[in-house]
$ cat my_file10.cif   # mmCIF, C-alpha atoms
data_coords
loop_
_atom_site.label_atom_id
_atom_site.label_comp_id
_atom_site.auth_asym_id
_atom_site.auth_seq_id
_atom_site.Cartn_x
_atom_site.Cartn_y
_atom_site.Cartn_z
CA MET U 30 34.52 42.71 11.80
CA LYS U 31 35.58 44.66 14.86
CA ASN U 32 39.30 45.36 15.08
CA ILE U 33 39.88 44.80 18.79
CA THR U 34 43.53 45.85 18.68
CA GLU U 35 42.49 49.31 17.45
CA SER U 36 39.68 49.75 19.97
CA GLU U 37 39.56 52.55 22.53
CA SER U 38 41.55 52.19 25.74
CA LEU U 39 39.61 51.54 28.91
CA TYR U 40 41.52 54.45 30.46
CA GLN U 41 41.05 58.15 29.73
CA ASP U 42 43.21 61.28 30.11
CA LEU U 43 46.42 59.33 30.55
CA GLU U 44 48.47 62.51 30.60
CA LEU U 45 46.63 63.62 33.75
CA MET U 46 47.35 60.41 35.66
CA SER U 47 50.11 60.07 38.24
CA VAL U 48 53.07 57.87 37.39
CA SER U 49 51.90 55.37 39.99
CA ASP U 50 48.44 55.16 38.45
CA ILE U 51 49.89 54.78 34.95
CA LEU U 52 52.06 51.89 36.09
CA LYS U 53 49.19 50.25 37.97
CA GLY U 54 46.97 50.57 34.90
CA ILE U 55 49.57 49.01 32.60
CA ASN U 56 50.18 46.22 35.07
CA HIS U 57 46.46 45.57 35.49
CA GLU U 58 46.08 45.21 31.72
CA ASP U 59 49.18 42.99 31.48
CA GLN U 60 47.65 40.57 33.98
CA LYS U 61 44.93 39.85 31.42
CA VAL U 62 47.43 38.55 28.88
CA ALA U 63 48.34 35.23 30.50
CA ILE U 64 44.66 34.40 30.92
CA ALA U 65 44.02 35.16 27.25
CA VAL U 66 46.94 32.96 26.21
CA GLN U 67 45.65 30.17 28.45
CA LYS U 68 42.33 30.22 26.58
CA SER U 69 44.23 29.73 23.32
CA ILE U 70 46.18 26.64 24.42
CA PRO U 71 43.89 24.22 22.52
CA GLN U 72 44.67 26.09 19.29
CA ILE U 73 48.37 26.26 20.09
CA SER U 74 48.52 22.58 21.01
CA VAL U 75 47.15 21.22 17.72
CA PHE U 76 49.59 23.38 15.81
CA VAL U 77 52.62 22.33 17.87
CA ILE U 78 51.83 18.66 17.22
CA ALA U 79 51.74 19.31 13.47
CA LEU U 80 54.90 21.46 13.70
CA ILE U 81 56.91 18.76 15.45
CA GLU U 82 55.87 16.20 12.85
CA LYS U 83 57.09 18.48 10.06
CA MET U 84 60.36 19.32 11.80
CA LYS U 85 61.10 15.66 12.50
CA LEU U 86 60.92 15.15 8.74
CA GLY U 87 63.49 17.88 8.16
CA GLY U 88 61.23 20.89 7.90
CA ARG U 89 62.15 24.37 9.06
CA LEU U 90 60.09 26.88 11.03
CA PHE U 91 59.66 30.38 9.63
CA TYR U 92 58.23 33.37 11.48
CA ILE U 93 57.10 36.30 9.38
CA GLY U 94 55.83 39.65 10.61
CA ALA U 95 56.13 43.43 10.47
CA GLY U 96 57.16 45.94 13.13
CA THR U 97 56.95 44.63 16.69
CA SER U 98 55.54 41.30 15.48
CA GLY U 99 58.46 40.78 13.12
CA ARG U 100 61.00 41.72 15.78
CA LEU U 101 59.48 39.26 18.24
CA GLY U 102 59.71 36.48 15.67
CA ILE U 103 63.35 37.29 15.00
CA LEU U 104 64.06 37.36 18.74
CA ASP U 105 62.57 33.92 19.27
CA ALA U 106 64.32 32.46 16.23
CA SER U 107 67.70 33.92 17.21
CA GLU U 108 67.53 32.36 20.67
CA CYS U 109 66.99 28.79 19.45
CA PRO U 110 70.60 28.04 18.38
CA PRO U 111 72.28 29.08 21.67
CA THR U 112 69.53 27.60 23.83
CA PHE U 113 68.99 24.29 22.06
CA GLY U 114 72.15 23.85 19.97
CA VAL U 115 70.31 23.78 16.64
CA SER U 116 71.52 25.30 13.38
CA HIS U 117 70.72 28.93 12.62
CA ASP U 118 68.61 27.97 9.61
CA LEU U 119 66.21 25.67 11.50
CA VAL U 120 64.11 28.53 12.92
CA VAL U 121 64.13 31.70 10.83
CA GLY U 122 62.57 35.08 11.58
CA LEU U 123 61.67 37.50 8.78
CA ILE U 124 60.55 41.13 9.10
CA ALA U 125 59.01 43.50 6.57
CA GLY U 126 61.73 45.84 5.35
CA GLY U 127 64.57 43.42 6.01
CA ASP U 128 67.16 43.41 8.76
CA GLN U 129 67.39 47.22 8.86
CA ALA U 130 63.78 47.23 10.12
CA ILE U 131 64.83 45.40 13.29
CA ARG U 132 66.18 48.64 14.73
CA LYS U 133 64.43 51.31 12.69
CA ALA U 134 60.98 51.23 11.14
CA VAL U 135 60.93 51.06 7.34
CA GLU U 136 57.99 53.12 6.14
CA PHE U 137 55.23 51.27 4.27
CA ALA U 138 57.25 48.02 4.12
CA GLU U 139 54.38 46.14 5.74
CA ASP U 140 51.96 47.26 2.99
CA ASP U 141 53.63 45.22 0.23
CA MET U 142 51.52 42.09 -0.38
CA SER U 143 54.23 40.35 -2.44
CA ALA U 144 57.33 41.12 -0.35
CA GLY U 145 56.73 38.45 2.28
CA TRP U 146 56.66 35.61 -0.23
CA LYS U 147 59.75 37.02 -1.96
CA ASP U 148 61.57 37.00 1.39
CA LEU U 149 60.55 33.38 1.98
CA GLN U 150 61.67 32.38 -1.51
CA SER U 151 65.19 33.57 -0.74
CA PHE U 152 65.38 30.63 1.68
CA ASN U 153 64.22 28.12 -0.94
CA ILE U 154 61.11 27.41 1.10
CA SER U 155 59.18 24.26 0.24
CA ASP U 156 56.21 22.21 1.41
CA LYS U 157 58.53 20.54 3.93
CA ASP U 158 58.58 23.79 5.91
CA VAL U 159 56.15 25.60 8.22
CA VAL U 160 55.33 29.33 8.18
CA VAL U 161 53.88 31.23 11.14
CA GLY U 162 52.47 34.65 10.36
CA ILE U 163 52.56 37.10 13.27
CA ALA U 164 50.30 40.14 13.21
CA ALA U 165 48.45 41.67 16.14
CA SER U 166 45.78 43.11 13.85
CA GLY U 167 45.76 39.99 11.71
CA ASN U 168 45.52 42.12 8.57
CA THR U 169 49.11 43.13 7.74
CA PRO U 170 49.50 42.86 3.92
CA TYR U 171 53.14 41.69 4.11
CA VAL U 172 52.07 38.76 6.27
CA ILE U 173 48.73 37.99 4.59
CA GLY U 174 50.26 37.92 1.11
CA ALA U 175 52.95 35.48 2.23
CA ILE U 176 50.45 33.23 4.01
CA GLN U 177 48.08 33.12 1.05
CA THR U 178 50.88 32.15 -1.33
CA CYS U 179 52.14 29.53 1.11
CA ASN U 180 48.66 28.03 1.17
CA GLU U 181 48.64 27.90 -2.63
CA MET U 182 52.04 26.16 -2.59
CA GLY U 183 50.94 23.53 -0.05
CA ILE U 184 53.09 24.93 2.77
CA LEU U 185 51.73 24.47 6.28
CA THR U 186 50.64 27.82 7.73
CA ALA U 187 49.78 29.11 11.19
CA GLY U 188 49.09 32.55 12.57
CA ILE U 189 49.41 34.44 15.85
CA THR U 190 46.94 37.32 16.08
CA CYS U 191 44.88 39.18 18.65
CA ASN U 192 41.90 39.78 16.37
CA PRO U 193 39.31 37.02 15.86
CA GLY U 194 37.87 36.99 12.35
CA SER U 195 40.93 38.72 10.91
CA LEU U 196 42.45 37.76 7.56
CA LEU U 197 45.29 35.95 9.31
CA ALA U 198 42.88 33.94 11.46
CA GLU U 199 40.80 33.05 8.40
CA ASN U 200 43.66 32.24 6.02
CA THR U 201 45.90 30.02 8.15
CA ARG U 202 45.40 26.32 8.69
CA PHE U 203 46.27 26.76 12.37
CA PRO U 204 45.07 30.13 13.69
CA MET U 205 46.15 31.01 17.23
CA VAL U 206 43.98 33.90 18.36
CA VAL U 207 44.78 35.56 21.68
CA GLU U 208 42.13 38.14 22.54
CA VAL U 209 43.84 40.51 24.96
CA GLY U 210 41.37 43.37 24.50
CA PRO U 211 42.11 47.09 24.15
CA GLU U 212 45.61 48.38 24.81
CA PHE U 213 46.38 50.78 27.69
CA VAL U 214 47.37 53.33 25.03
CA SER U 215 44.79 52.88 22.28
CA GLY U 216 46.21 50.89 19.38
CA SER U 217 49.70 50.46 20.89
CA THR U 218 50.01 46.78 20.07
CA ARG U 219 53.61 46.61 21.23
CA MET U 220 52.09 46.35 24.70
CA LYS U 221 49.55 43.61 25.55
CA SER U 222 49.42 42.21 22.03
CA GLY U 223 53.21 42.09 21.84
CA THR U 224 53.40 40.40 25.24
CA ALA U 225 50.86 37.81 24.11
CA GLN U 226 52.81 37.13 20.91
CA LYS U 227 56.04 36.72 22.87
CA MET U 228 54.39 34.25 25.23
CA VAL U 229 53.00 32.17 22.36
CA LEU U 230 56.34 32.20 20.53
CA ASN U 231 58.06 30.96 23.70
CA MET U 232 55.54 28.13 23.84
CA LEU U 233 55.96 27.19 20.17
CA SER U 234 59.75 27.04 20.06
CA THR U 235 60.23 25.51 23.51
CA SER U 236 57.64 22.76 23.05
CA ALA U 237 58.91 22.03 19.55
CA MET U 238 62.50 21.71 20.76
CA ILE U 239 61.43 19.43 23.59
CA GLY U 240 59.57 17.34 21.01
CA LEU U 241 62.72 17.18 18.89
CA GLY U 242 64.70 15.85 21.85
CA ARG U 243 66.76 18.98 22.50
CA VAL U 244 65.98 18.95 26.24
CA LYS U 245 66.82 16.18 28.71
CA GLY U 246 64.83 16.09 31.94
CA ASN U 247 64.39 19.82 32.32
CA LYS U 248 67.90 20.80 31.23
CA MET U 249 69.24 22.54 28.11
CA VAL U 250 71.83 19.85 27.48
CA ASP U 251 72.53 21.06 23.93
CA MET U 252 73.03 24.74 24.79
CA LYS U 253 76.05 26.44 23.30
CA LEU U 254 78.63 27.17 25.99
CA SER U 255 79.35 30.64 24.65
CA ASN U 256 80.13 32.48 27.90
CA GLN U 257 81.27 31.80 31.45
CA LYS U 258 77.74 31.82 32.86
CA LEU U 259 76.75 29.01 30.50
CA VAL U 260 79.96 27.09 31.14
CA GLN U 261 79.22 27.20 34.87
CA ARG U 262 75.66 26.07 34.21
CA GLY U 263 77.00 23.17 32.17
CA ILE U 264 79.37 22.22 34.98
CA ARG U 265 76.50 22.16 37.46
CA MET U 266 74.46 19.99 35.12
CA LEU U 267 77.28 17.47 34.86
CA MET U 268 77.89 17.44 38.60
CA GLU U 269 74.22 16.65 39.16
CA ALA U 270 73.77 14.17 36.32
CA LEU U 271 76.99 12.21 36.93
CA SER U 272 77.51 12.73 40.68
CA ILE U 273 81.01 14.11 40.11
CA ASP U 274 82.91 17.04 41.58
CA GLN U 275 83.40 20.43 39.99
CA GLU U 276 86.90 19.76 38.69
CA ALA U 277 85.87 16.55 36.93
CA ALA U 278 82.88 18.30 35.42
CA PHE U 279 85.07 21.16 34.20
CA LEU U 280 87.46 18.73 32.52
CA LEU U 281 84.57 17.03 30.75
CA ILE U 282 83.26 20.36 29.52
CA GLN U 283 86.72 21.27 28.23
CA LYS U 284 87.03 17.97 26.43
CA HIS U 285 83.58 17.72 24.84
CA GLY U 286 82.30 21.30 24.74
CA ASN U 287 78.75 20.05 25.15
CA VAL U 288 76.77 18.75 28.14
CA ARG U 289 74.96 15.99 26.26
CA LYS U 290 78.17 14.65 24.72
CA ALA U 291 79.94 14.76 28.08
CA ILE U 292 77.18 12.77 29.76
CA ALA U 293 77.11 10.25 26.92
CA SER U 294 80.87 9.77 27.02
CA VAL U 295 80.82 8.85 30.70
CA LYS U 296 77.87 6.53 30.38
CA GLN U 297 79.48 4.72 27.45
CA THR U 298 82.58 3.95 29.49
CA SER U 299 80.82 3.04 32.75
#

$ encode --input "my_file10.cif" --output "structure tokens"
Amino acid sequence: MKNITESESLYQDLELMSVSDILKGINHEDQKVAIAVQKSIPQISVFVIALIEKMKLGGRLFYIGAGTSGRLGILDASECPPTFGVSHDLVVGLIAGGDQAIRKAVEFAEDDMSAGWKDLQSFNISDKDVVVGIAASGNTPYVIGAIQTCNEMGILTAGITCNPGSLLAENTRFPMVVEVGPEFVSGSTRMKSGTAQKMVLNMLSTSAMIGLGRVKGNKMVDMKLSNQKLVQRGIRMLMEALSIDQEAAFLLIQKHGNVRKAIASVKQTS
């Protein structure tokens, strides 16, 4: 099996290139990512359908990864509560080495085959839940060990990887393989591979939340109004949805603290 994510860059003597040429090269490679993700949409689609079914029955979504992959999972999970108004334990991101590894790499944490399952167990994971392994190489022991145990326990598994034929692709029920090709800097999977993972994660969480009814029209009606920018966005949503002026919308936001509830309250009384 060829490990594409470790293959040689298409560019040579990077240190001799001008800054402009370096940037153009990185950008040229980045343009390949969206096309690679597009080719994977059939794989992503069948998983999202299964994910929504599980979550409608009360299941949670877990992301598990190491290094950049783990950080991206945590990023996506952490943005679901403020964006869609869901609880913090509905989408959970786990990283090899624990929370300290979010900011600083924990040496050899990703090489522990049993640690991933132990981390999942701390959340009382069950066959109601769904686990998505994230690994650019598709061979990270921390992720593979967790996925294999989840399979044994009857827990629905999926994987995001950039290597076809990898252990992650072969061991998950729903593999999502995005072949982005060699990195600009050989093996630096925080680049194209990381971008691809981020794009897929955006697709998973956003489509799942739409499927769970957390979006109305194209608006984040359940977003948490945690700063002035979001309060103003909520006011604009109400002005548009209810054909009211800014002051009336502001009063509704103050009263209900939530766009969906404010809209519902007006419609109930009209």

$ residues_around --input "my_file10.cif" --residues "Ser38 of chain U" --least-positions-apart "5" --cutoff "7 Å" --atoms "all atoms listed in the file" --output "ChimeraX atom specification"
/U:211-215

$ atom_distance --input "my_file10.cif" --atom1 "atom CA of Ile131 of chain U" --atom2 "atom CA of Met182 of chain U"
28.0 Å

$ atom_distance --input "my_file10.cif" --atom1 "atom CA of Ile73 of chain U" --atom2 "atom CA of Ala144 of chain U"
26.8 Å

$ resolve_selection --input "my_file10.cif" --expression "the PyMOL selection byres ((chain U and resi 87-101) around 6)" --output "ChimeraX atom specification"
/U:83-86,102-104,119-125,131,139,157-164,172,219

$ closest_residue --input "my_file10.cif" --among "U:Ser195, U:Phe76, U:Thr112, U:Leu230" --to "Asn287 of chain U" --atoms "all atoms listed in the file"
U:Thr112

$ closest_atom_pairs --input "my_file10.cif" --of "segment 112-161 of chain U" --to "segment 242-246 of chain U" --cutoff "12 Å" --atoms "all atoms listed in the file" --output "CSV"
residue,atom,partner,partner_atom,distance
U:Thr112,CA,U:Arg243,CA,9.2
U:Phe113,CA,U:Arg243,CA,5.8
U:Gly114,CA,U:Arg243,CA,7.7
U:Val115,CA,U:Arg243,CA,8.4

$ write_last_selection --input "my_file10.cif" --atoms "C-alpha atoms" --output "PDB file, in the frame of the given file"
ATOM      1  CA  THR U 112      69.530  27.600  23.830  1.00  0.00           C
ATOM      2  CA  PHE U 113      68.990  24.290  22.060  1.00  0.00           C
ATOM      3  CA  GLY U 114      72.150  23.850  19.970  1.00  0.00           C
ATOM      4  CA  VAL U 115      70.310  23.780  16.640  1.00  0.00           C
TER       5      VAL U 115
END

$ resolve_selection --input "my_file10.cif" --expression "the PyMOL selection byres ((chain U and resi 75) around 12)" --output "PyMOL selection string"
chain U and resi 69-74+76-82+187+202-205+233+236-237

$ write_last_selection --input "my_file10.cif" --atoms "C-alpha atoms" --output "short mmCIF file (atom, residue, chain, number, x, y, z; two decimals), in the frame of the given file"
data_model
loop_
_atom_site.label_atom_id
_atom_site.label_comp_id
_atom_site.auth_asym_id
_atom_site.auth_seq_id
_atom_site.Cartn_x
_atom_site.Cartn_y
_atom_site.Cartn_z
CA SER U 69 44.23 29.73 23.32
CA ILE U 70 46.18 26.64 24.42
CA PRO U 71 43.89 24.22 22.52
CA GLN U 72 44.67 26.09 19.29
CA ILE U 73 48.37 26.26 20.09
CA SER U 74 48.52 22.58 21.01
CA PHE U 76 49.59 23.38 15.81
CA VAL U 77 52.62 22.33 17.87
CA ILE U 78 51.83 18.66 17.22
CA ALA U 79 51.74 19.31 13.47
CA LEU U 80 54.90 21.46 13.70
CA ILE U 81 56.91 18.76 15.45
CA GLU U 82 55.87 16.20 12.85
CA ALA U 187 49.78 29.11 11.19
CA ARG U 202 45.40 26.32 8.69
CA PHE U 203 46.27 26.76 12.37
CA PRO U 204 45.07 30.13 13.69
CA MET U 205 46.15 31.01 17.23
CA LEU U 233 55.96 27.19 20.17
CA SER U 236 57.64 22.76 23.05
CA ALA U 237 58.91 22.03 19.55
#

$ atom_distance --input "my_file10.cif" --atom1 "atom CA of Thr190 of chain U" --atom2 "atom CA of Gln177 of chain U"
15.6 Å

$ closest_residue --input "my_file10.cif" --among "U:Leu196, U:Met228, U:Cys109, U:Ile184" --to "Met249 of chain U" --atoms "only C-alpha atoms"
U:Cys109

$ residues_around --input "my_file10.cif" --residues "His285 of chain U" --least-positions-apart "6" --cutoff "10 Å" --atoms "only C-alpha atoms" --output "VMD selection string"
chain U and resid 291 to 292 294

$ write_last_selection --input "my_file10.cif" --atoms "C-alpha atoms" --output "PDB file, in the frame of the given file"
ATOM      1  CA  ALA U 291      79.940  14.760  28.080  1.00  0.00           C
ATOM      2  CA  ILE U 292      77.180  12.770  29.760  1.00  0.00           C
ATOM      3  CA  SER U 294      80.870   9.770  27.020  1.00  0.00           C
TER       4      SER U 294
END

$ resolve_selection --input "my_file10.cif" --expression "the PyMOL selection byres ((chain U and resi 253) around 6)" --output "list in words"
Pro111, Gly114, Met252, Leu254 and Ser255 of chain U

$ residues_around --input "my_file10.cif" --residues "Lys147 of chain U" --least-positions-apart "2" --cutoff "12 Å" --atoms "all atoms listed in the file" --output "PDB file with C-alpha atoms, in the frame of the given file"
ATOM      1  CA  ILE U  93      57.100  36.300   9.380  1.00  0.00           C
ATOM      2  CA  LEU U 123      61.670  37.500   8.780  1.00  0.00           C
ATOM      3  CA  ILE U 124      60.550  41.130   9.100  1.00  0.00           C
ATOM      4  CA  ALA U 125      59.010  43.500   6.570  1.00  0.00           C
ATOM      5  CA  GLY U 126      61.730  45.840   5.350  1.00  0.00           C
ATOM      6  CA  GLY U 127      64.570  43.420   6.010  1.00  0.00           C
ATOM      7  CA  ASP U 141      53.630  45.220   0.230  1.00  0.00           C
ATOM      8  CA  MET U 142      51.520  42.090  -0.380  1.00  0.00           C
ATOM      9  CA  SER U 143      54.230  40.350  -2.440  1.00  0.00           C
ATOM     10  CA  ALA U 144      57.330  41.120  -0.350  1.00  0.00           C
ATOM     11  CA  GLY U 145      56.730  38.450   2.280  1.00  0.00           C
ATOM     12  CA  LEU U 149      60.550  33.380   1.980  1.00  0.00           C
ATOM     13  CA  GLN U 150      61.670  32.380  -1.510  1.00  0.00           C
ATOM     14  CA  SER U 151      65.190  33.570  -0.740  1.00  0.00           C
ATOM     15  CA  PHE U 152      65.380  30.630   1.680  1.00  0.00           C
ATOM     16  CA  ASN U 153      64.220  28.120  -0.940  1.00  0.00           C
ATOM     17  CA  ILE U 154      61.110  27.410   1.100  1.00  0.00           C
ATOM     18  CA  TYR U 171      53.140  41.690   4.110  1.00  0.00           C
ATOM     19  CA  VAL U 172      52.070  38.760   6.270  1.00  0.00           C
ATOM     20  CA  GLY U 174      50.260  37.920   1.110  1.00  0.00           C
ATOM     21  CA  ALA U 175      52.950  35.480   2.230  1.00  0.00           C
ATOM     22  CA  ILE U 176      50.450  33.230   4.010  1.00  0.00           C
ATOM     23  CA  THR U 178      50.880  32.150  -1.330  1.00  0.00           C
ATOM     24  CA  CYS U 179      52.140  29.530   1.110  1.00  0.00           C
TER      25      CYS U 179
END

$ closest_residue --input "my_file10.cif" --among "U:Ser222, U:Thr186, U:Asn168, U:Ser234" --to "Asp105 of chain U" --atoms "all atoms listed in the file"
U:Ser234

$ closest_residue --input "my_file10.cif" --among "U:Ser272, U:Asn231, U:Ala293, U:Gln283" --to "Val250 of chain U" --atoms "all atoms listed in the file"
U:Ala293

$ residues_around --input "my_file10.cif" --residues "Asn56 of chain U" --least-positions-apart "4" --cutoff "12 Å" --atoms "all atoms listed in the file" --output "list in words"
Ser49, Asp50, Ile51, Leu52, Gln60, Lys61, Val62, Glu212, Phe213, Met220, Lys221 and Thr224 of chain U
